[in-house]
Amino acid sequence: MVSEYIKKIRSSDEHTKRRWVIVSSGVVMIIIVVVWIIYISATLPRTSMNQGDQVFEKQEIVTETTKNTSIIGSMVKGIKITTNNIFASIFSVGNTFKNGLTHTLQYATKKKEVIIQKEEIKEIPFQPNDIEPLEPTLLP
């Protein structure tokens, strides 16, 4: 089914092909940027996180003895920690997006008011004295 659709796109005109390239490139670019931001925010240490009235200070690093822990156990623990950080970052990005969207909608729906006032003229504008009258000229 997918291969038939790709063949259909290949046989279509240049405008359709170009549109597919632009749309797919944009979607892939957005996905890569979002994954990159989530990865960076999950791996960099946070100095502080505000959530409501609670303030969480720098995350503490817990060291455990690794005598009885195998390499696979260490990798599983690392994967668990990383996935927890990634899910927390996704949740944080979602909250940030929601807050930004709420603020934008509030600004867009706010009643706008424009007040136009006539400017006060403090000085008398220039008025020429003794203007000579002009005689009308007939055009050919």
# chains A, B, ... in the order shown; residues from 1 in each chain; ligands from 1
>>> select_by_dssp(residues="chain A", states="helix (DSSP H, G or I)", output="PyMOL selection string")
chain A and resi 2-10+14-43+71-109
>>> residues_around(residues="range 79-84 of chain A", least_positions_apart="5", cutoff="9 Å", atoms="only C-alpha atoms", output="VMD selection string")
chain A and resid 42 to 43 74 89
>>> closest_residue(among="A:Tyr39, A:Ser3, A:Val28, A:Val23", to="Ile90 in chain A", atoms="only C-alpha atoms")
A:Tyr39
